[in-house]
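Source file: final_14.tsv. Holds: TSV, C-alpha atoms and all ligand atoms.
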chain	number	residue	atom	x	y	z
A	1	MET	CA	-15.14	-8.61	-9.04
A	2	SER	CA	-12.58	-6.36	-7.37
A	3	LEU	CA	-10.36	-7.81	-4.69
A	4	LEU	CA	-11.05	-4.83	-2.43
A	5	SER	CA	-14.11	-2.65	-2.61
A	6	LEU	CA	-14.95	0.24	-0.32
A	7	SER	CA	-18.31	1.92	-0.70
A	8	GLY	CA	-19.50	4.96	1.20
A	9	VAL	CA	-16.91	4.48	3.94
A	10	ARG	CA	-17.11	7.14	6.61
A	11	CYS	CA	-14.99	7.57	9.68
A	12	ASP	CA	-15.46	10.30	12.25
A	13	PHE	CA	-13.33	11.16	15.24
A	14	GLY	CA	-15.73	13.13	17.39
A	15	GLU	CA	-16.77	16.17	15.37
A	16	ARG	CA	-14.01	15.62	12.83
A	17	GLN	CA	-15.13	13.82	9.68
A	18	VAL	CA	-11.96	12.13	8.49
A	19	LEU	CA	-13.35	9.82	5.80
A	20	ARG	CA	-16.41	11.31	4.15
A	21	GLY	CA	-17.82	8.59	1.96
A	22	ILE	CA	-14.97	6.74	0.27
A	23	ASP	CA	-15.71	4.64	-2.81
A	24	LEU	CA	-12.64	2.77	-3.95
A	25	ASP	CA	-11.99	-0.51	-5.74
A	26	VAL	CA	-8.71	-2.34	-6.10
A	27	ASP	CA	-8.49	-5.17	-8.61
A	28	ARG	CA	-6.35	-8.25	-8.26
A	29	HIS	CA	-2.74	-7.57	-9.32
A	30	GLU	CA	-3.41	-3.87	-9.39
A	31	VAL	CA	-1.06	-1.32	-7.81
A	32	VAL	CA	-2.95	1.70	-6.51
A	33	ALA	CA	-1.15	4.75	-5.14
A	34	LEU	CA	-3.04	6.82	-2.61
A	35	VAL	CA	-1.83	10.40	-2.60
A	36	GLY	CA	-2.98	13.54	-0.85
A	37	ALA	CA	-1.96	16.17	1.64
A	38	SER	CA	-1.01	15.29	5.16
A	39	GLY	CA	-4.24	14.85	7.13
A	40	SER	CA	-6.36	13.98	4.09
A	41	GLY	CA	-7.15	10.55	5.56
A	42	LYS	CA	-4.76	8.17	3.77
A	43	SER	CA	-3.58	6.33	6.89
A	44	THR	CA	-7.08	6.19	8.31
A	45	LEU	CA	-8.33	4.67	5.08
A	46	LEU	CA	-5.62	1.99	5.13
A	47	ARG	CA	-6.33	1.30	8.78
A	48	THR	CA	-10.04	0.78	8.13
A	49	VAL	CA	-9.16	-1.86	5.52
A	50	ASN	CA	-7.00	-3.68	8.04
A	51	LEU	CA	-9.79	-3.35	10.62
A	52	LEU	CA	-7.57	-1.25	12.86
A	53	GLU	CA	-10.02	1.65	12.70
A	54	HIS	CA	-13.78	1.84	13.16
A	55	ILE	CA	-16.07	2.97	10.38
A	56	ASP	CA	-19.27	4.93	10.93
A	57	ASP	CA	-20.92	4.04	7.67
A	58	GLY	CA	-20.31	2.14	4.46
A	59	ARG	CA	-18.99	-1.25	3.60
A	60	ILE	CA	-15.65	-2.90	2.87
A	61	LEU	CA	-15.51	-6.08	0.82
A	62	LEU	CA	-12.41	-8.25	0.51
A	63	GLY	CA	-12.75	-10.94	-2.11
A	64	GLY	CA	-16.50	-10.40	-1.91
A	65	GLU	CA	-16.64	-10.95	1.84
A	66	ASP	CA	-18.02	-8.10	3.96
A	67	ILE	CA	-15.12	-7.55	6.34
A	68	SER	CA	-16.77	-4.45	7.80
A	69	ASP	CA	-19.51	-6.63	9.24
A	70	PRO	CA	-19.05	-6.45	13.02
A	71	ARG	CA	-19.25	-10.22	13.07
A	72	ALA	CA	-16.21	-10.56	10.79
A	73	ASP	CA	-13.26	-12.26	12.45
A	74	ALA	CA	-10.67	-9.45	12.54
A	75	ASP	CA	-7.68	-11.73	13.07
A	76	ARG	CA	-8.65	-13.88	10.14
A	77	VAL	CA	-9.20	-10.84	7.93
A	78	ARG	CA	-5.81	-9.40	8.92
A	79	SER	CA	-4.16	-12.72	8.18
A	80	ARG	CA	-5.21	-12.23	4.53
A	81	ILE	CA	-3.63	-8.78	4.37
A	82	GLY	CA	0.00	-7.74	4.67
A	83	ALA	CA	0.63	-4.29	6.09
A	84	VAL	CA	3.70	-2.12	6.53
A	85	PHE	CA	3.64	1.30	8.13
A	86	GLN	CA	5.97	4.23	8.39
A	87	HIS	CA	7.49	3.49	11.80
A	88	TYR	CA	8.21	0.83	14.36
A	89	ASN	CA	7.49	-2.18	12.29
A	90	LEU	CA	9.88	-4.68	13.78
A	91	PHE	CA	10.04	-6.15	17.25
A	92	PRO	CA	13.32	-4.83	18.70
A	93	HIS	CA	13.90	-7.86	20.93
A	94	LEU	CA	13.62	-10.42	18.14
A	95	SER	CA	16.18	-11.26	15.46
A	96	VAL	CA	15.47	-10.55	11.83
A	97	LEU	CA	14.63	-14.20	11.23
A	98	GLU	CA	12.32	-14.33	14.25
A	99	ASN	CA	10.61	-11.10	13.18
A	100	VAL	CA	9.97	-12.44	9.72
A	101	THR	CA	8.75	-15.88	10.79
A	102	LEU	CA	6.76	-15.09	13.94
A	103	ALA	CA	3.35	-14.27	12.46
A	104	ALA	CA	3.73	-16.91	9.77
A	105	ARG	CA	4.24	-19.52	12.46
A	106	LEU	CA	1.77	-18.31	15.08
A	107	VAL	CA	-1.03	-16.93	12.94
A	108	HIS	CA	-0.69	-19.03	9.82
A	109	ARG	CA	0.55	-22.18	11.57
A	110	MET	CA	3.42	-22.47	9.12
A	111	PRO	CA	5.85	-25.10	10.44
A	112	ARG	CA	9.07	-23.56	11.78
A	113	LEU	CA	11.35	-25.13	9.20
A	114	ALA	CA	9.17	-24.17	6.26
A	115	ALA	CA	8.83	-20.63	7.62
A	116	GLU	CA	12.57	-20.29	8.13
A	117	GLU	CA	13.30	-21.65	4.69
A	118	ARG	CA	10.97	-19.17	3.01
A	119	ALA	CA	12.26	-16.33	5.19
A	120	ARG	CA	15.88	-17.09	4.29
A	121	GLU	CA	14.99	-17.28	0.62
A	122	LEU	CA	13.23	-13.91	0.71
A	123	LEU	CA	15.94	-12.26	2.80
A	124	ASP	CA	18.57	-13.66	0.47
A	125	SER	CA	16.72	-12.24	-2.54
A	126	ILE	CA	17.04	-8.73	-1.09
A	127	GLY	CA	20.65	-9.16	-0.05
A	128	LEU	CA	20.01	-9.54	3.68
A	129	ALA	CA	20.98	-13.19	4.04
A	130	GLU	CA	23.86	-12.48	6.41
A	131	HIS	CA	21.64	-10.43	8.72
A	132	THR	CA	19.14	-13.13	9.68
A	133	GLY	CA	20.54	-13.40	13.21
A	134	ALA	CA	20.89	-9.66	13.77
A	135	PHE	CA	18.58	-7.53	15.90
A	136	PRO	CA	16.77	-4.71	14.10
A	137	ASP	CA	18.84	-1.95	15.71
A	138	ARG	CA	21.91	-3.23	13.88
A	139	LEU	CA	20.23	-2.60	10.53
A	140	SER	CA	19.80	0.66	8.65
A	141	GLY	CA	16.29	2.10	8.38
A	142	GLY	CA	16.12	0.94	4.77
A	143	GLN	CA	17.11	-2.59	5.72
A	144	GLN	CA	14.54	-2.58	8.53
A	145	GLN	CA	11.74	-1.50	6.21
A	146	ARG	CA	12.72	-4.17	3.70
A	147	VAL	CA	12.62	-6.78	6.47
A	148	ALA	CA	9.17	-5.47	7.45
A	149	ILE	CA	8.00	-5.83	3.85
A	150	VAL	CA	9.41	-9.35	3.64
A	151	ARG	CA	7.57	-10.21	6.84
A	152	ALA	CA	4.34	-8.85	5.36
A	153	ILE	CA	4.61	-11.05	2.25
A	154	MET	CA	5.78	-14.22	4.01
A	155	THR	CA	2.40	-15.87	3.67
A	156	GLU	CA	1.52	-14.42	0.28
A	157	PRO	CA	-1.29	-12.13	1.42
A	158	GLU	CA	-4.06	-11.30	-1.02
A	159	LEU	CA	-3.47	-7.60	-0.50
A	160	LEU	CA	-0.46	-5.56	0.59
A	161	LEU	CA	-1.05	-2.23	2.34
A	162	LEU	CA	1.91	0.15	2.46
A	163	ASP	CA	1.61	3.37	4.41
A	164	GLU	CA	4.40	5.79	3.50
A	165	VAL	CA	7.00	3.11	4.03
A	166	THR	CA	9.83	5.42	2.94
A	167	SER	CA	8.87	8.71	4.54
A	168	ALA	CA	10.83	8.14	7.77
A	169	LEU	CA	14.00	7.16	5.92
A	170	ASP	CA	17.10	9.15	5.11
A	171	PRO	CA	16.97	10.04	1.40
A	172	GLU	CA	19.80	7.70	0.46
A	173	LEU	CA	17.87	4.71	1.86
A	174	VAL	CA	14.61	5.34	0.02
A	175	GLY	CA	15.71	3.77	-3.25
A	176	GLU	CA	16.38	0.29	-1.88
A	177	VAL	CA	12.92	0.10	-0.33
A	178	LEU	CA	11.19	1.36	-3.47
A	179	GLU	CA	13.18	-1.18	-5.45
A	180	LEU	CA	11.63	-3.98	-3.41
A	181	VAL	CA	8.12	-2.55	-3.82
A	182	ARG	CA	8.77	-2.23	-7.56
A	183	ARG	CA	9.76	-5.89	-7.67
A	184	LEU	CA	6.64	-7.01	-5.80
A	185	ALA	CA	4.49	-4.93	-8.11
A	186	GLY	CA	6.20	-6.59	-11.08
A	187	GLU	CA	5.44	-10.01	-9.60
A	188	GLY	CA	1.73	-9.22	-9.56
A	189	THR	CA	1.24	-8.42	-5.87
A	190	THR	CA	-1.93	-6.42	-5.27
A	191	ILE	CA	-0.81	-3.23	-3.55
A	192	LEU	CA	-2.61	-0.27	-2.05
A	193	MET	CA	0.02	2.24	-0.97
A	194	ALA	CA	-0.09	5.70	0.50
A	195	THR	CA	2.95	7.58	-0.72
A	196	HIS	CA	4.56	10.97	-1.17
A	197	GLU	CA	6.94	9.57	-3.77
A	198	MET	CA	5.26	11.01	-6.85
A	199	ALA	CA	7.89	9.84	-9.33
A	200	PHE	CA	7.56	6.33	-7.94
A	201	ALA	CA	3.76	6.41	-8.06
A	202	ARG	CA	3.95	7.58	-11.64
A	203	GLU	CA	6.29	4.77	-12.58
A	204	VAL	CA	4.85	1.84	-10.66
A	205	ALA	CA	1.15	2.47	-9.98
A	206	ASP	CA	-1.56	1.34	-12.34
A	207	ARG	CA	-3.83	3.98	-10.86
A	208	VAL	CA	-3.38	7.04	-8.69
A	209	VAL	CA	-6.11	8.07	-6.27
A	210	PHE	CA	-6.11	11.59	-4.87
A	211	LEU	CA	-7.64	11.94	-1.44
A	212	ASP	CA	-8.75	15.43	-0.46
A	213	GLU	CA	-10.25	16.07	2.97
A	214	GLY	CA	-11.56	12.54	3.31
A	215	ARG	CA	-12.92	12.22	-0.21
A	216	VAL	CA	-11.62	10.70	-3.42
A	217	LEU	CA	-11.47	13.86	-5.49
A	218	GLU	CA	-9.84	12.46	-8.60
A	219	GLN	CA	-8.27	9.24	-9.83
A	220	GLY	CA	-6.82	7.81	-12.98
A	221	PRO	CA	-3.87	6.16	-14.68
A	222	PRO	CA	-0.60	7.92	-13.76
A	223	ALA	CA	-0.06	9.42	-17.21
A	224	GLU	CA	-3.47	11.12	-17.04
A	225	PHE	CA	-3.40	11.93	-13.36
A	226	PHE	CA	0.01	13.60	-13.46
A	227	GLY	CA	-0.13	14.76	-17.06
A	228	ALA	CA	-3.56	16.36	-17.08
A	229	PRO	CA	-5.11	16.63	-13.61
A	230	ARG	CA	-8.71	17.80	-13.90
A	231	GLU	CA	-9.31	19.33	-10.50
A	232	ALA	CA	-7.81	22.59	-9.28
A	233	ARG	CA	-7.12	21.01	-5.87
A	234	THR	CA	-5.18	18.21	-7.55
A	235	ARG	CA	-3.08	20.68	-9.52
A	236	GLU	CA	-2.43	22.67	-6.37
A	237	PHE	CA	-1.33	19.50	-4.56
A	238	LEU	CA	0.93	18.33	-7.37
A	239	ALA	CA	2.54	21.75	-7.72
A	240	ARG	CA	4.16	21.20	-4.32
A	241	PHE	CA	6.25	18.41	-5.77
A	242	LEU	CA	7.63	20.34	-8.72
B	301	LIG	P1	-2.90	11.18	6.36
B	301	LIG	O1	-2.41	9.80	6.54
B	301	LIG	O2	-3.45	11.45	5.00
B	301	LIG	O3	-1.87	12.21	6.74
B	301	LIG	P2	-4.58	10.55	8.62
B	301	LIG	O4	-5.49	9.47	8.18
B	301	LIG	O5	-3.42	10.19	9.45
B	301	LIG	O6	-4.12	11.41	7.33
B	301	LIG	O7	-5.39	11.64	9.43
B	301	LIG	C1	-6.54	12.27	8.94
B	301	LIG	C2	-7.13	13.12	10.02
B	301	LIG	O8	-7.67	12.28	11.04
B	301	LIG	C3	-6.13	14.03	10.72
B	301	LIG	O9	-6.74	15.28	10.94
B	301	LIG	C4	-5.87	13.34	12.03
B	301	LIG	O10	-5.56	14.25	13.02
B	301	LIG	C5	-7.21	12.66	12.30
B	301	LIG	N1	-7.07	11.45	13.11
B	301	LIG	C6	-6.46	10.32	12.73
B	301	LIG	N2	-6.52	9.38	13.69
B	301	LIG	C7	-7.19	9.95	14.72
B	301	LIG	C8	-7.60	9.51	16.03
B	301	LIG	N3	-7.33	8.27	16.45
B	301	LIG	N4	-8.27	10.39	16.79
B	301	LIG	C9	-8.57	11.62	16.35
B	301	LIG	N5	-8.23	12.10	15.14
B	301	LIG	C10	-7.54	11.28	14.34
B	302	MG	MG	-0.55	9.03	7.03
Structure translated into structure tokens:
Amino acid sequence: MSLLSLSGVRCDFGERQVLRGIDLDVDRHEVVALVGASGSGKSTLLRTVNLLEHIDDGRILLGGEDISDPRADADRVRSRIGAVFQHYNLFPHLSVLENVTLAARLVHRMPRLAAEERARELLDSIGLAEHTGAFPDRLSGGQQQRVAIVRAIMTEPELLLLDEVTSALDPELVGEVLELVRRLAGEGTTILMATHEMAFAREVADRVVFLDEGRVLEQGPPAEFFGAPREARTREFLARFL
């Protein structure tokens, strides 16, 4: 059984059909890259999985549980999922350590000392040990995104959602964030990530899914997807990155 399974997921905003029947499975330990033009529905799709967006039809299963059931406990579902977005991930008025430990303590009831110990370990492993007391505005964008990712994995979520976590960064800061994602992928973290980093998707993803106007138009292993795309729309999309 897949860890995550979307079937027939639709999402409309008024007249605009943004997700038009998405079928998508993500297996445990799989890294799936979601690619597609701006406006194709990538963020909306990720938001539906995290129950931050309504769906008009279809079903979303997480570990076999129907999380799209209106009776599902949204907070509990979100506590099983780590999510990092493009912007504004950290609380500006909290230190790095407080940012990383807050949800773990409040939502997951992790004792303060245990949370701080794990946070320090993780921050140390990405070279941010000496910044635990700093406020986010003292860190570079790349450091901030890495802190946000560390926060998202504090409680070892079943699934990590990453929505273009590098697209707001200066080019020289992208590499350090991708390096952390690469490491998590290598450790077996299940990841569903929207990205415009095609070289990275090719290297790290087990599968690439191409979203076109709210539909999964094509998907496959990176070598096939990038090497021999079947659909004209896919080729057209990929040509922009050459
Ligand atoms: P992507 O992440 O692939 O760029 P999005 O999921 O952000 O695409 O957006 C897909 C489409 O849905 C866009 O046309 C966007 O304007 C529209 N959309 C997203 N969120 C809303 C909303 N809350 N209200 C109305 N339209 C929205
Ligand atoms: Mg988006």
Take every atom of ligand LIG 301 (chain B) listed in the file, fit an axis-aligned box around them, add 5 Å per side, and give the centre and edge lengths in Å to one decimal as lines of an AutoDock Vina configuration file.
center_x = -5.2
center_y = 11.8
center_z = 10.9
size_x = 16.7
size_y = 17.0
size_z = 21.8
Which polymer residues have any atom within 12 Å of an atom of Glu156 (chain A), counting all atoms listed in the file, with same-chain residues fewer than 4 positions away left out, as a list in words?
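These residues fall inside the cut-off: Ser79, Arg80, Ile81, Gly82, Ala83, Ala104, His108, Arg118, Ala119, Leu122, Ile149, Val150, Arg151, Ala152, Leu160, Leu184, Glu187, Gly188, Thr189 and Thr190 of chain A.
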Using all atoms listed in the file, which residues have at least one atom no more than 10 Å from ligand MG 302 (chain B)? Output them as an MDAnalysis selection string.
chainID A and resid 35:47 85:86 163:164 167 194:196
Give me a file of those residues, with C-alpha atoms, as a PDB file, in the coordinates of the input.
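Listing of part.pdb after writing:
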ATOM      1  CA  VAL A  35      -1.830  10.400  -2.600  1.00  0.00           C
ATOM      2  CA  GLY A  36      -2.980  13.540  -0.850  1.00  0.00           C
ATOM      3  CA  ALA A  37      -1.960  16.170   1.640  1.00  0.00           C
ATOM      4  CA  SER A  38      -1.010  15.290   5.160  1.00  0.00           C
ATOM      5  CA  GLY A  39      -4.240  14.850   7.130  1.00  0.00           C
ATOM      6  CA  SER A  40      -6.360  13.980   4.090  1.00  0.00           C
ATOM      7  CA  GLY A  41      -7.150  10.550   5.560  1.00  0.00           C
ATOM      8  CA  LYS A  42      -4.760   8.170   3.770  1.00  0.00           C
ATOM      9  CA  SER A  43      -3.580   6.330   6.890  1.00  0.00           C
ATOM     10  CA  THR A  44      -7.080   6.190   8.310  1.00  0.00           C
ATOM     11  CA  LEU A  45      -8.330   4.670   5.080  1.00  0.00           C
ATOM     12  CA  LEU A  46      -5.620   1.990   5.130  1.00  0.00           C
ATOM     13  CA  ARG A  47      -6.330   1.300   8.780  1.00  0.00           C
ATOM     14  CA  PHE A  85       3.640   1.300   8.130  1.00  0.00           C
ATOM     15  CA  GLN A  86       5.970   4.230   8.390  1.00  0.00           C
ATOM     16  CA  ASP A 163       1.610   3.370   4.410  1.00  0.00           C
ATOM     17  CA  GLU A 164       4.400   5.790   3.500  1.00  0.00           C
ATOM     18  CA  SER A 167       8.870   8.710   4.540  1.00  0.00           C
ATOM     19  CA  ALA A 194      -0.090   5.700   0.500  1.00  0.00           C
ATOM     20  CA  THR A 195       2.950   7.580  -0.720  1.00  0.00           C
ATOM     21  CA  HIS A 196       4.560  10.970  -1.170  1.00  0.00           C
TER      22      HIS A 196
END
Nearest to ligand LIG 301 (chain B), chosen from A:Met1, A:Leu173, A:Leu19, A:Ile67, with all atoms listed in the file counted in the distances
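Among A:Met1, A:Leu173, A:Leu19, A:Ile67, it is A:Leu19 that comes nearest to ligand LIG 301 (chain B).
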Quick one: residues within 9 Å of Glu231 (chain A), only C-alpha atoms counted, chain neighbours fewer than 5 positions away excluded, as a list in words?
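The neighbour list is Leu217, Glu218 and Glu236 of chain A.
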With distances taken over only C-alpha atoms and all ligand atoms, which of A:Gly220, A:Gly175, A:Gly21, A:Gly214 is nearest to ligand LIG 301 (chain B)?
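Going through A:Gly220, A:Gly175, A:Gly21, A:Gly214 one by one, the smallest distance to ligand LIG 301 (chain B) is for A:Gly214.
Atom pair CA of Gln17 (chain A) / CA of Ile55 (chain A): separated by 10.9 Å.
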Would you kindly identify which residues have an atom no farther than 12 Å from (-13.6, -10.1, 1.7), using all atoms listed in the file and the file's own coordinates, and write them out as an MDAnalysis selection string?
chainID A and resid 1:6 49:51 59:69 72:74 76:81 158:159
Shell around Gly142 (chain A) at 10 Å using all atoms listed in the file, local window under 4 positions removed, as a list in words:
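Final neighbour list, sorted by chain and number: Arg146, Val147, Ala148, Val165, Thr166, Ala168, Leu169, Asp170, Pro171, Glu172, Leu173, Val174, Gly175, Glu176, Val177 and Leu178 of chain A.
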Written coordinates, N, CA and C atoms of region 91-104 of chain A as a JSON list (two decimals), in the first residue's frame:
[["chain", "number", "residue", "atom", "x", "y", "z"],
["A", 91, "PHE", "N", 9.14, 31.83, 12.39],
["A", 91, "PHE", "CA", 8.58, 32.92, 13.20],
["A", 91, "PHE", "C", 9.70, 33.92, 13.49],
["A", 92, "PRO", "N", 9.52, 35.18, 13.07],
["A", 92, "PRO", "CA", 10.62, 36.15, 13.20],
["A", 92, "PRO", "C", 10.96, 36.49, 14.65],
["A", 93, "HIS", "N", 9.98, 36.34, 15.55],
["A", 93, "HIS", "CA", 10.19, 36.76, 16.93],
["A", 93, "HIS", "C", 10.71, 35.63, 17.82],
["A", 94, "LEU", "N", 10.97, 34.47, 17.22],
["A", 94, "LEU", "CA", 11.50, 33.35, 18.00],
["A", 94, "LEU", "C", 12.91, 33.01, 17.53],
["A", 95, "SER", "N", 13.73, 32.55, 18.45],
["A", 95, "SER", "CA", 15.10, 32.14, 18.08],
["A", 95, "SER", "C", 15.03, 30.89, 17.22],
["A", 96, "VAL", "N", 16.16, 30.58, 16.62],
["A", 96, "VAL", "CA", 16.25, 29.36, 15.81],
["A", 96, "VAL", "C", 15.83, 28.15, 16.64],
["A", 97, "LEU", "N", 16.37, 28.04, 17.84],
["A", 97, "LEU", "CA", 16.04, 26.88, 18.67],
["A", 97, "LEU", "C", 14.54, 26.84, 19.01],
["A", 98, "GLU", "N", 13.99, 28.00, 19.32],
["A", 98, "GLU", "CA", 12.55, 28.04, 19.64],
["A", 98, "GLU", "C", 11.71, 27.69, 18.41],
["A", 99, "ASN", "N", 12.11, 28.21, 17.25],
["A", 99, "ASN", "CA", 11.41, 27.87, 16.01],
["A", 99, "ASN", "C", 11.38, 26.36, 15.78],
["A", 100, "VAL", "N", 12.53, 25.75, 15.97],
["A", 100, "VAL", "CA", 12.65, 24.33, 15.65],
["A", 100, "VAL", "C", 11.91, 23.46, 16.66],
["A", 101, "THR", "N", 11.86, 23.90, 17.91],
["A", 101, "THR", "CA", 11.28, 23.03, 18.95],
["A", 101, "THR", "C", 9.80, 23.30, 19.24],
["A", 102, "LEU", "N", 9.30, 24.44, 18.79],
["A", 102, "LEU", "CA", 7.94, 24.85, 19.21],
["A", 102, "LEU", "C", 6.86, 23.81, 18.91],
["A", 103, "ALA", "N", 6.75, 23.43, 17.63],
["A", 103, "ALA", "CA", 5.68, 22.49, 17.27],
["A", 103, "ALA", "C", 5.92, 21.13, 17.91],
["A", 104, "ALA", "N", 7.19, 20.73, 17.96],
["A", 104, "ALA", "CA", 7.51, 19.44, 18.56],
["A", 104, "ALA", "C", 7.01, 19.40, 20.00]]
